[in-house]
$ cat start_7.csv   # CSV, C-alpha atoms
chain,number,residue,atom,x,y,z
C,97,MET,CA,-12.7,3.8,6.8
C,98,TRP,CA,-11.5,4.1,3.2
C,99,PHE,CA,-12.5,5.9,0.1
C,100,TYR,CA,-11.5,4.9,-3.4
C,101,GLU,CA,-9.7,7.3,-5.7
C,102,LYS,CA,-10.4,6.5,-9.3
C,103,LYS,CA,-6.8,6.6,-10.5
C,104,LEU,CA,-3.6,4.5,-10.4
C,105,GLN,CA,-0.7,5.5,-8.3
C,106,TYR,CA,1.6,5.0,-11.3
C,107,PRO,CA,1.0,5.0,-15.0
C,108,ALA,CA,1.3,1.2,-15.4
C,109,LYS,CA,2.2,0.2,-19.0
C,110,VAL,CA,2.9,-3.0,-20.8
C,111,GLY,CA,4.7,-3.0,-24.2
C,112,ARG,CA,2.7,-6.0,-25.5
C,113,ALA,CA,0.4,-8.8,-24.2
C,114,ASN,CA,2.5,-11.6,-22.7
C,115,LEU,CA,0.7,-14.5,-21.0
C,116,GLN,CA,3.9,-16.0,-19.7
C,117,MET,CA,4.7,-12.8,-17.8
C,118,ALA,CA,1.1,-12.6,-16.6
C,119,LYS,CA,1.5,-16.1,-15.1
C,120,PHE,CA,4.7,-15.0,-13.3
C,121,LEU,CA,3.5,-11.6,-12.2
C,122,ILE,CA,0.2,-12.8,-10.6
C,123,THR,CA,2.3,-14.0,-7.6
C,124,GLN,CA,2.5,-10.3,-6.6
C,125,TYR,CA,-1.3,-10.3,-6.6
C,126,GLY,CA,-2.0,-13.3,-4.5
C,127,GLY,CA,1.3,-14.9,-3.6
C,128,PRO,CA,3.3,-15.1,-0.3
C,129,ASP,CA,5.2,-11.9,-0.8
C,130,GLY,CA,2.6,-10.1,-2.9
C,131,GLU,CA,0.7,-6.9,-2.4
C,132,LEU,CA,-2.4,-8.3,-0.8
C,133,ALA,CA,-0.3,-10.1,1.8
C,134,ALA,CA,1.6,-6.8,2.5
C,135,SER,CA,-1.5,-4.7,2.8
C,136,MET,CA,-3.3,-7.2,5.1
C,137,ARG,CA,-0.2,-7.7,7.2
C,138,TYR,CA,0.2,-4.0,8.0
C,139,LEU,CA,-3.5,-3.2,8.4
C,140,THR,CA,-3.9,-6.1,10.7
C,141,GLN,CA,-0.8,-5.5,12.8
C,142,ARG,CA,-1.5,-1.8,13.4
C,143,TYR,CA,-4.0,-2.3,16.2
C,144,THR,CA,-1.4,-3.5,18.7
C,145,MET,CA,1.4,-1.0,17.9
C,146,PRO,CA,2.3,0.9,21.1
C,147,VAL,CA,3.3,4.3,19.5
C,148,PRO,CA,1.4,6.7,17.2
C,149,GLN,CA,4.2,6.8,14.7
C,150,ALA,CA,3.9,3.0,14.1
C,151,LYS,CA,0.1,3.1,14.0
C,152,GLY,CA,0.2,5.8,11.4
C,153,LEU,CA,2.9,4.2,9.3
C,154,LEU,CA,1.2,0.8,9.2
C,155,THR,CA,-2.1,2.4,8.2
C,156,ASP,CA,-0.4,4.5,5.5
C,157,ILE,CA,1.8,1.8,4.0
C,158,GLY,CA,-1.0,-0.8,4.3
C,159,THR,CA,-3.1,1.6,2.3
C,160,GLU,CA,-0.4,2.2,-0.3
C,161,GLU,CA,0.0,-1.5,-0.8
C,162,LEU,CA,-3.7,-1.6,-1.9
C,163,ALA,CA,-2.7,0.9,-4.6
C,164,HIS,CA,0.1,-1.5,-5.6
C,165,LEU,CA,-2.4,-4.4,-5.7
C,166,GLU,CA,-4.4,-2.4,-8.2
C,167,ILE,CA,-1.2,-1.7,-10.3
C,168,ILE,CA,-0.4,-5.4,-10.4
C,169,ALA,CA,-4.0,-6.3,-11.3
C,170,THR,CA,-3.8,-3.7,-14.1
C,171,LEU,CA,-0.6,-5.2,-15.4
C,172,VAL,CA,-1.9,-8.7,-15.4
C,173,TYR,CA,-5.1,-7.6,-17.0
C,174,LYS,CA,-3.2,-5.9,-19.8
C,175,LEU,CA,-0.8,-8.7,-20.2
C,176,MET,CA,-3.7,-11.1,-20.8
C,177,ASP,CA,-5.6,-8.7,-23.0
C,178,GLY,CA,-6.7,-10.2,-26.3
C,179,ALA,CA,-5.2,-13.7,-25.8
C,180,SER,CA,-6.7,-16.6,-27.6
C,181,VAL,CA,-7.5,-19.9,-25.9
C,182,ASP,CA,-4.7,-21.5,-27.8
C,183,GLU,CA,-2.2,-19.0,-26.6
C,184,ILE,CA,-3.4,-19.4,-23.1
C,185,LYS,CA,-2.9,-23.2,-23.3
C,186,ARG,CA,0.6,-22.7,-24.7
C,187,ALA,CA,1.6,-20.4,-21.8
C,188,GLY,CA,0.6,-23.0,-19.3
C,189,LEU,CA,-2.5,-21.1,-18.2
C,190,GLY,CA,-5.0,-23.6,-19.3
C,191,ALA,CA,-5.9,-24.7,-15.8
C,192,TYR,CA,-6.2,-21.1,-14.7
C,193,TYR,CA,-8.5,-20.4,-17.7
C,194,ALA,CA,-10.7,-23.4,-16.8
C,195,ASP,CA,-11.4,-21.9,-13.3
C,196,HIS,CA,-11.3,-18.1,-14.1
C,197,ASP,CA,-11.2,-17.4,-17.8
C,198,LYS,CA,-9.1,-14.2,-17.9
C,199,ALA,CA,-10.5,-12.8,-14.6
C,200,LEU,CA,-8.1,-11.7,-11.8
C,201,TYR,CA,-7.8,-14.2,-9.0
C,202,LEU,CA,-5.7,-14.2,-5.8
C,203,VAL,CA,-3.2,-16.9,-6.5
C,204,ASN,CA,0.6,-17.3,-6.9
C,205,GLY,CA,2.2,-18.2,-10.1
C,206,GLU,CA,1.4,-21.9,-9.6
C,207,GLY,CA,-2.2,-21.4,-8.8
C,208,VAL,CA,-2.0,-21.7,-5.0
C,209,PRO,CA,-4.7,-19.5,-3.5
C,210,TRP,CA,-3.9,-16.6,-1.2
C,211,THR,CA,-4.0,-17.6,2.5
C,212,ALA,CA,-3.8,-15.7,5.8
C,213,ALA,CA,-1.0,-18.1,6.6
C,214,TYR,CA,1.3,-15.8,4.6
C,215,ILE,CA,1.2,-13.2,7.3
C,216,GLN,CA,1.6,-13.0,11.0
C,217,SER,CA,0.3,-10.7,13.6
C,218,LYS,CA,2.3,-11.5,16.7
C,219,GLY,CA,1.2,-8.8,19.2
C,220,ASP,CA,4.9,-8.1,19.9
C,221,PRO,CA,5.7,-4.9,18.0
C,222,ILE,CA,9.4,-5.7,17.7
C,223,ALA,CA,8.6,-9.1,16.1
C,224,ASP,CA,5.9,-7.6,13.9
C,225,LEU,CA,8.1,-4.7,12.6
C,226,HIS,CA,10.9,-7.2,11.9
C,227,GLU,CA,8.4,-9.3,9.9
C,228,ASP,CA,7.4,-6.1,8.0
C,229,MET,CA,11.0,-5.3,7.1
C,230,ALA,CA,11.6,-8.8,6.0
C,231,ALA,CA,8.4,-8.7,3.9
C,232,GLU,CA,9.7,-5.5,2.1
C,233,GLU,CA,13.0,-7.2,1.3
C,234,LYS,CA,11.2,-10.4,0.0
C,235,ALA,CA,8.9,-8.3,-2.2
C,236,ARG,CA,12.0,-6.3,-3.4
C,237,ALA,CA,13.7,-9.6,-4.3
C,238,THR,CA,10.5,-10.8,-6.1
C,239,TYR,CA,10.4,-7.7,-8.2
C,240,GLU,CA,14.1,-8.2,-9.1
C,241,TRP,CA,13.4,-11.8,-10.3
C,242,LEU,CA,10.4,-10.6,-12.2
C,243,ILE,CA,12.5,-7.9,-13.9
C,244,ASN,CA,15.1,-10.6,-14.8
C,245,LEU,CA,12.2,-12.7,-16.3
C,246,SER,CA,10.8,-9.8,-18.4
C,247,ASP,CA,12.3,-8.3,-21.5
C,248,ASP,CA,9.5,-5.7,-21.8
C,249,PRO,CA,10.9,-2.3,-21.0
C,250,ASP,CA,7.5,-0.8,-20.3
C,251,LEU,CA,6.5,-3.6,-17.9
C,252,ASN,CA,9.9,-3.3,-16.2
C,253,ASP,CA,9.5,0.4,-15.8
C,254,THR,CA,6.5,-0.2,-13.6
C,255,LEU,CA,8.2,-3.1,-11.8
C,256,ARG,CA,11.1,-0.8,-11.0
C,257,PHE,CA,8.7,1.7,-9.5
C,258,LEU,CA,7.2,-1.0,-7.3
C,259,ARG,CA,10.6,-2.3,-6.3
C,260,GLN,CA,11.8,1.1,-5.2
C,261,ARG,CA,8.7,1.5,-3.0
C,262,GLU,CA,9.8,-1.6,-1.1
C,263,VAL,CA,13.2,0.1,-0.4
C,264,VAL,CA,11.4,3.3,0.9
C,265,HIS,CA,9.0,1.2,3.1
C,266,PHE,CA,11.9,-0.8,4.5
C,267,GLN,CA,13.5,2.5,5.6
C,268,ARG,CA,10.3,3.7,7.2
C,269,PHE,CA,9.7,0.4,9.1
C,270,GLY,CA,13.4,0.6,10.2
C,271,GLU,CA,12.8,4.0,11.6
C,272,ALA,CA,9.5,2.9,13.3
C,273,LEU,CA,11.5,0.0,14.9
C,274,GLN,CA,14.0,2.5,16.4
C,275,ILE,CA,11.1,4.5,17.8
C,276,VAL,CA,9.4,1.5,19.3
C,277,GLN,CA,12.6,0.2,20.8
C,278,ASN,CA,13.3,3.5,22.4
C,279,TYR,CA,9.7,3.6,23.7
C,280,LEU,CA,10.0,0.2,25.2
C,281,ASP,CA,13.4,1.0,26.8
C,282,CYS,CA,12.0,4.1,28.4
C,283,LYS,CA,8.9,2.2,29.7
C,284,LYS,CA,11.1,-0.3,31.5
C,285,VAL,CA,12.8,2.5,33.5
C,286,TYR,CA,9.6,3.4,35.3
J,80,MET,CA,34.4,-0.2,11.8
J,81,TYR,CA,33.6,-3.1,14.1
J,82,GLU,CA,34.0,-1.0,17.2
J,83,MET,CA,30.9,-1.0,19.3
J,84,ASN,CA,29.1,2.3,19.5
J,85,GLN,CA,28.2,2.9,23.1
J,86,ASN,CA,24.6,3.6,22.2
J,87,LEU,CA,24.1,0.4,20.3
J,88,ARG,CA,23.1,-2.8,22.0
J,89,LEU,CA,23.7,-6.3,21.0
J,90,ALA,CA,20.9,-8.5,19.7
J,91,ARG,CA,19.1,-5.6,18.2
J,92,ALA,CA,18.7,-4.3,14.6
J,93,TYR,CA,19.4,-0.7,13.7
J,94,VAL,CA,18.4,1.4,10.7
J,95,PRO,CA,19.8,4.9,10.6
J,96,PHE,CA,17.2,7.7,10.5
J,97,GLN,CA,16.9,9.5,7.2
J,98,VAL,CA,17.6,13.2,7.4
J,99,PHE,CA,15.6,15.1,4.8
J,100,SER,CA,17.8,17.4,2.8
J,101,GLN,CA,16.7,17.7,-0.8
J,102,ARG,CA,14.0,16.1,-3.0
J,103,TRP,CA,13.3,15.6,-6.7
J,104,GLU,CA,10.6,17.4,-8.5
J,105,PRO,CA,7.2,15.6,-8.5
J,106,LEU,CA,7.4,14.0,-11.9
J,107,GLU,CA,11.0,12.9,-11.6
J,108,GLY,CA,10.2,11.4,-8.1
J,109,LEU,CA,7.3,9.5,-9.5
J,110,MET,CA,9.3,8.1,-12.3
J,111,LYS,CA,12.1,7.0,-9.9
J,112,GLY,CA,9.7,5.6,-7.2
J,113,THR,CA,10.9,8.0,-4.5
J,114,ILE,CA,11.3,11.8,-4.2
J,115,PHE,CA,14.4,11.3,-1.9
J,116,PRO,CA,17.7,11.0,-3.7
J,117,GLU,CA,19.4,9.4,-0.7
J,118,LEU,CA,16.8,6.5,-0.8
J,119,TYR,CA,17.1,5.8,-4.5
J,120,PHE,CA,18.8,2.4,-5.1
J,121,PRO,CA,18.0,1.3,-8.6
J,122,TYR,CA,18.3,-2.3,-9.7
J,123,LYS,CA,20.5,-3.5,-12.6
J,124,ARG,CA,18.7,-6.3,-14.5
J,125,ARG,CA,20.7,-9.5,-14.5
J,126,GLU,CA,21.6,-11.0,-17.9
J,127,TYR,CA,22.1,-14.7,-17.5
A,172,MET,CA,-7.9,9.4,-23.5
A,173,ASP,CA,-6.4,12.4,-25.2
A,174,ARG,CA,-3.0,13.9,-24.6
A,175,GLU,CA,-4.2,16.8,-22.5
A,176,GLN,CA,-6.2,14.6,-20.1
A,177,LEU,CA,-3.4,12.1,-19.8
A,178,ALA,CA,-0.8,14.9,-19.1
A,179,LEU,CA,-3.1,16.3,-16.3
A,180,LEU,CA,-3.6,12.8,-14.9
A,181,LYS,CA,0.2,12.2,-14.8
A,182,GLU,CA,0.7,15.6,-13.2
A,183,LEU,CA,-1.8,14.6,-10.5
A,184,MET,CA,-0.1,11.3,-10.0
A,185,ALA,CA,3.2,13.1,-9.5
A,186,LEU,CA,1.8,15.7,-7.1
A,187,GLU,CA,0.0,13.1,-5.0
A,188,PHE,CA,3.1,10.9,-4.9
A,189,THR,CA,5.2,13.7,-3.6
A,190,ALA,CA,2.6,14.3,-0.9
A,191,LEU,CA,2.6,10.6,0.0
A,192,GLU,CA,6.4,10.4,0.3
A,193,LEU,CA,6.4,13.4,2.6
A,194,HIS,CA,3.5,11.9,4.5
A,195,LEU,CA,5.3,8.6,5.2
A,196,TYR,CA,8.5,10.5,6.1
A,197,LEU,CA,6.5,12.6,8.6
A,198,ASP,CA,5.0,9.5,10.2
A,199,THR,CA,8.5,8.7,11.6
A,200,HIS,CA,9.8,12.3,11.7
A,201,PRO,CA,6.8,14.3,13.2
A,202,ASN,CA,9.1,17.1,14.4
A,203,ASP,CA,10.7,17.9,11.0
A,204,GLN,CA,9.3,21.4,10.4
A,205,ARG,CA,10.6,21.8,6.9
A,206,ALA,CA,9.1,18.4,5.8
A,207,LEU,CA,5.9,19.5,7.4
A,208,MET,CA,5.8,22.7,5.4
A,209,GLU,CA,6.6,20.9,2.2
A,210,ASN,CA,3.9,18.3,3.0
A,211,ASN,CA,1.3,21.0,3.4
A,212,SER,CA,2.1,22.8,0.2
A,213,ALA,CA,2.4,19.4,-1.7
A,214,CYS,CA,-1.1,18.6,-0.5
A,215,GLN,CA,-2.4,21.9,-1.6
A,216,ALA,CA,-0.8,21.5,-5.0
A,217,ALA,CA,-2.3,18.0,-5.3
A,218,GLN,CA,-5.7,19.1,-4.3
A,219,ALA,CA,-5.6,22.0,-6.8
A,220,ALA,CA,-4.6,19.6,-9.6
A,221,ARG,CA,-7.3,17.1,-8.6
A,222,GLU,CA,-10.0,19.7,-8.7
A,223,ARG,CA,-8.8,20.9,-12.1
A,224,TYR,CA,-8.9,17.4,-13.4
A,225,GLU,CA,-12.3,16.6,-11.9
A,226,SER,CA,-13.9,19.8,-13.3
A,227,CYS,CA,-12.7,18.9,-16.8
A,228,TYR,CA,-13.1,15.1,-16.8
A,229,GLY,CA,-15.3,14.0,-14.0
A,230,PRO,CA,-15.0,12.6,-10.5
A,231,LEU,CA,-11.9,10.8,-9.2
A,232,THR,CA,-12.9,11.0,-5.6
A,233,PHE,CA,-15.9,10.0,-3.6
A,234,CYS,CA,-17.2,13.4,-2.8
A,235,ALA,CA,-16.5,15.2,-6.1
A,236,GLN,CA,-19.4,17.0,-7.7
A,237,SER,CA,-21.0,15.2,-10.6
A,238,GLY,CA,-22.8,16.4,-13.7
A,239,PHE,CA,-25.9,14.6,-15.0
A,240,PRO,CA,-26.1,11.7,-15.4
A,241,TRP,CA,-24.0,10.2,-12.6
A,242,GLN,CA,-20.4,10.5,-13.8
A,243,TRP,CA,-18.6,8.4,-11.3
A,244,ILE,CA,-19.2,5.2,-13.3
A,245,SER,CA,-18.1,6.7,-16.6
A,246,ASP,CA,-15.3,4.9,-18.5
A,247,PRO,CA,-12.4,4.6,-18.6
A,248,TRP,CA,-11.6,3.0,-15.2
A,249,PRO,CA,-7.9,3.2,-14.2
A,250,TRP,CA,-7.0,-0.3,-15.5
A,251,GLU,CA,-8.5,0.5,-18.9
A,252,ILE,CA,-6.4,3.6,-19.7
A,253,CYS,CA,-3.5,3.4,-22.1
A,254,TYR,CA,-0.8,5.4,-20.3
A,255,GLU,CA,1.5,5.9,-23.4
$ encode --input "start_7.csv" --output "structure tokens"
Amino acid sequence: MWFYEKKLQYPAKVGRANLQMAKFLITQYGGPDGELAASMRYLTQRYTMPVPQAKGLLTDIGTEELAHLEIIATLVYKLMDGASVDEIKRAGLGAYYADHDKALYLVNGEGVPWTAAYIQSKGDPIADLHEDMAAEEKARATYEWLINLSDDPDLNDTLRFLRQREVVHFQRFGEALQIVQNYLDCKKVY
Amino acid sequence: MYEMNQNLRLARAYVPFQVFSQRWEPLEGLMKGTIFPELYFPYKRREY
Amino acid sequence: MDREQLALLKELMALEFTALELHLYLDTHPNDQRALMENNSACQAAQAARERYESCYGPLTFCAQSGFPWQWISDPWPWEICYE
């Protein structure tokens, strides 16, 4: 089960409202390498992990990704704050506005809705942990492209935090992979 | 460098285990995105 | 949100973050005694800061005590705070 804690993991700031960046950033909300996909991937894969270290890690990182989902939502919300319909149209968000006004919705930057097809749950722990490591690298790269797209130091400060978390998670999944590989090797001996 | 370590197998990925030695103070860790100096790899924004 | 409240909130974020980092480390290093000790004291420090915050500014967690009327729903919510 889960309880909500009424705070963000990181003090997420934006320097100024910026609809263009909101449009780019929303991919980390509902896009292929975004935080929802990350969370659902890990929380779904954990059931078939063979060792307690991997069950624990997928549970904990899957939970942390929900905190990141909330940070992204906060950033998008703040980036769209106070925008006029005219500004929304000019930023290429007119179609988004027609469907959602300024509400948060799980789409990528081009409006494609989130789909479970973004994630896999293979039942093979080696394959699943490799997917998880790749997912962390893809999210890290996405944050780097977003940092390149943004000239807002406050926004980039939070994006740098989220990017660094991907690096730490990659390390942990790598360690879990070694543990699972050793476990499977030992099992074969008997 | 390319010599095969006896404990490593082909067709398998390896990530070395972190050995915890030191950590940053809580606020510095939060600002950096990790409390572990050895895991901190910041990104330099590309100016095209 | 005034400066004092924001400072306490950031302190809590930092203490919980330290606990999270040690927690993830321990998931793959369950036999690291020093990390385990640091995890336990980080959790203690985070809990103390959380209780301090909640007694001054209202509930952050599900089971926190609430004054009258029900304080859980009081503004601001996390996405509404200006973290300057």
$ residues_around --input "start_7.csv" --residues "A:Cys214" --least-positions-apart "5" --cutoff "8 Å" --atoms "only C-alpha atoms" --output "list in words"
Leu186, Glu187 and Ala190 of chain A
$ closest_residue --input "start_7.csv" --among "C:Phe269, C:Asn114, C:Ala163, C:Phe99" --to "C:Ser180" --atoms "only C-alpha atoms"
C:Asn114
$ closest_atom_pairs --input "start_7.csv" --of "chain A" --to "chain J" --cutoff "10 Å" --atoms "all atoms listed in the file" --output "JSON lines"
{"residue": "A:Lys181", "atom": "CA", "partner": "J:Leu106", "partner_atom": "CA", "distance": 8.0}
{"residue": "A:Glu182", "atom": "CA", "partner": "J:Leu106", "partner_atom": "CA", "distance": 7.0}
{"residue": "A:Leu183", "atom": "CA", "partner": "J:Pro105", "partner_atom": "CA", "distance": 9.3}
{"residue": "A:Met184", "atom": "CA", "partner": "J:Leu109", "partner_atom": "CA", "distance": 7.6}
{"residue": "A:Ala185", "atom": "CA", "partner": "J:Pro105", "partner_atom": "CA", "distance": 4.8}
{"residue": "A:Leu186", "atom": "CA", "partner": "J:Pro105", "partner_atom": "CA", "distance": 5.6}
{"residue": "A:Glu187", "atom": "CA", "partner": "J:Pro105", "partner_atom": "CA", "distance": 8.4}
{"residue": "A:Phe188", "atom": "CA", "partner": "J:Leu109", "partner_atom": "CA", "distance": 6.4}
{"residue": "A:Thr189", "atom": "CA", "partner": "J:Pro105", "partner_atom": "CA", "distance": 5.6}
{"residue": "A:Ala190", "atom": "CA", "partner": "J:Pro105", "partner_atom": "CA", "distance": 9.0}
{"residue": "A:Leu191", "atom": "CA", "partner": "J:Ile114", "partner_atom": "CA", "distance": 9.7}
{"residue": "A:Glu192", "atom": "CA", "partner": "J:Ile114", "partner_atom": "CA", "distance": 6.8}
{"residue": "A:Leu193", "atom": "CA", "partner": "J:Ile114", "partner_atom": "CA", "distance": 8.5}
{"residue": "A:Tyr196", "atom": "CA", "partner": "J:Gln97", "partner_atom": "CA", "distance": 8.5}
{"residue": "A:Thr199", "atom": "CA", "partner": "J:Phe96", "partner_atom": "CA", "distance": 8.8}
{"residue": "A:His200", "atom": "CA", "partner": "J:Phe96", "partner_atom": "CA", "distance": 8.8}
{"residue": "A:Asp203", "atom": "CA", "partner": "J:Phe99", "partner_atom": "CA", "distance": 8.4}
{"residue": "A:Arg205", "atom": "CA", "partner": "J:Phe99", "partner_atom": "CA", "distance": 8.6}
{"residue": "A:Ala206", "atom": "CA", "partner": "J:Phe99", "partner_atom": "CA", "distance": 7.4}
{"residue": "A:Ala213", "atom": "CA", "partner": "J:Pro105", "partner_atom": "CA", "distance": 9.1}
$ closest_atom_pairs --input "start_7.csv" --of "stretch 130-199 of chain C" --to "stretch 244-254 of chain C" --cutoff "12 Å" --atoms "all atoms listed in the file" --output "Markdown table"
| residue | atom | partner | partner_atom | distance |
| --- | --- | --- | --- | --- |
| C:His164 | CA | C:Thr254 | CA | 10.3 |
| C:Ile167 | CA | C:Thr254 | CA | 8.5 |
| C:Ile168 | CA | C:Thr254 | CA | 9.2 |
| C:Thr170 | CA | C:Thr254 | CA | 10.9 |
| C:Leu171 | CA | C:Leu251 | CA | 7.7 |
| C:Val172 | CA | C:Leu251 | CA | 10.1 |
| C:Lys174 | CA | C:Leu251 | CA | 10.1 |
| C:Leu175 | CA | C:Leu251 | CA | 9.2 |
$ atom_distance --input "start_7.csv" --atom1 "atom CA of A:Gly229" --atom2 "atom CA of A:Ser245"
8.2 Å
$ closest_atom_pairs --input "start_7.csv" --of "chain A" --to "chain C" --cutoff "6 Å" --atoms "all atoms listed in the file" --output "JSON lines"
{"residue": "A:Asp198", "atom": "CA", "partner": "C:Gln149", "partner_atom": "CA", "distance": 5.3}
{"residue": "A:Thr199", "atom": "CA", "partner": "C:Gln149", "partner_atom": "CA", "distance": 5.6}
{"residue": "A:Leu231", "atom": "CA", "partner": "C:Lys102", "partner_atom": "CA", "distance": 4.6}
{"residue": "A:Thr232", "atom": "CA", "partner": "C:Glu101", "partner_atom": "CA", "distance": 4.9}
{"residue": "A:Pro249", "atom": "CA", "partner": "C:Lys103", "partner_atom": "CA", "distance": 5.1}
{"residue": "A:Trp250", "atom": "CA", "partner": "C:Thr170", "partner_atom": "CA", "distance": 4.9}
{"residue": "A:Tyr254", "atom": "CA", "partner": "C:Pro107", "partner_atom": "CA", "distance": 5.6}
$ closest_residue --input "start_7.csv" --among "A:Met208, A:Ile244, A:Leu180, A:Met172" --to "A:Glu225" --atoms "only C-alpha atoms"
A:Leu180
$ atom_distance --input "start_7.csv" --atom1 "atom CA of A:Leu195" --atom2 "atom CA of C:Val276"
16.3 Å
$ closest_residue --input "start_7.csv" --among "J:Gln101, J:Leu89, J:Tyr122, J:Pro116" --to "chain C" --atoms "all atoms listed in the file"
J:Tyr122
$ atom_distance --input "start_7.csv" --atom1 "atom CA of C:Lys119" --atom2 "atom CA of C:Glu227"
26.8 Å
$ closest_residue --input "start_7.csv" --among "C:Ala118, C:Leu202, C:Leu258, C:Ala113" --to "C:Gly178" --atoms "all atoms listed in the file"
C:Ala113
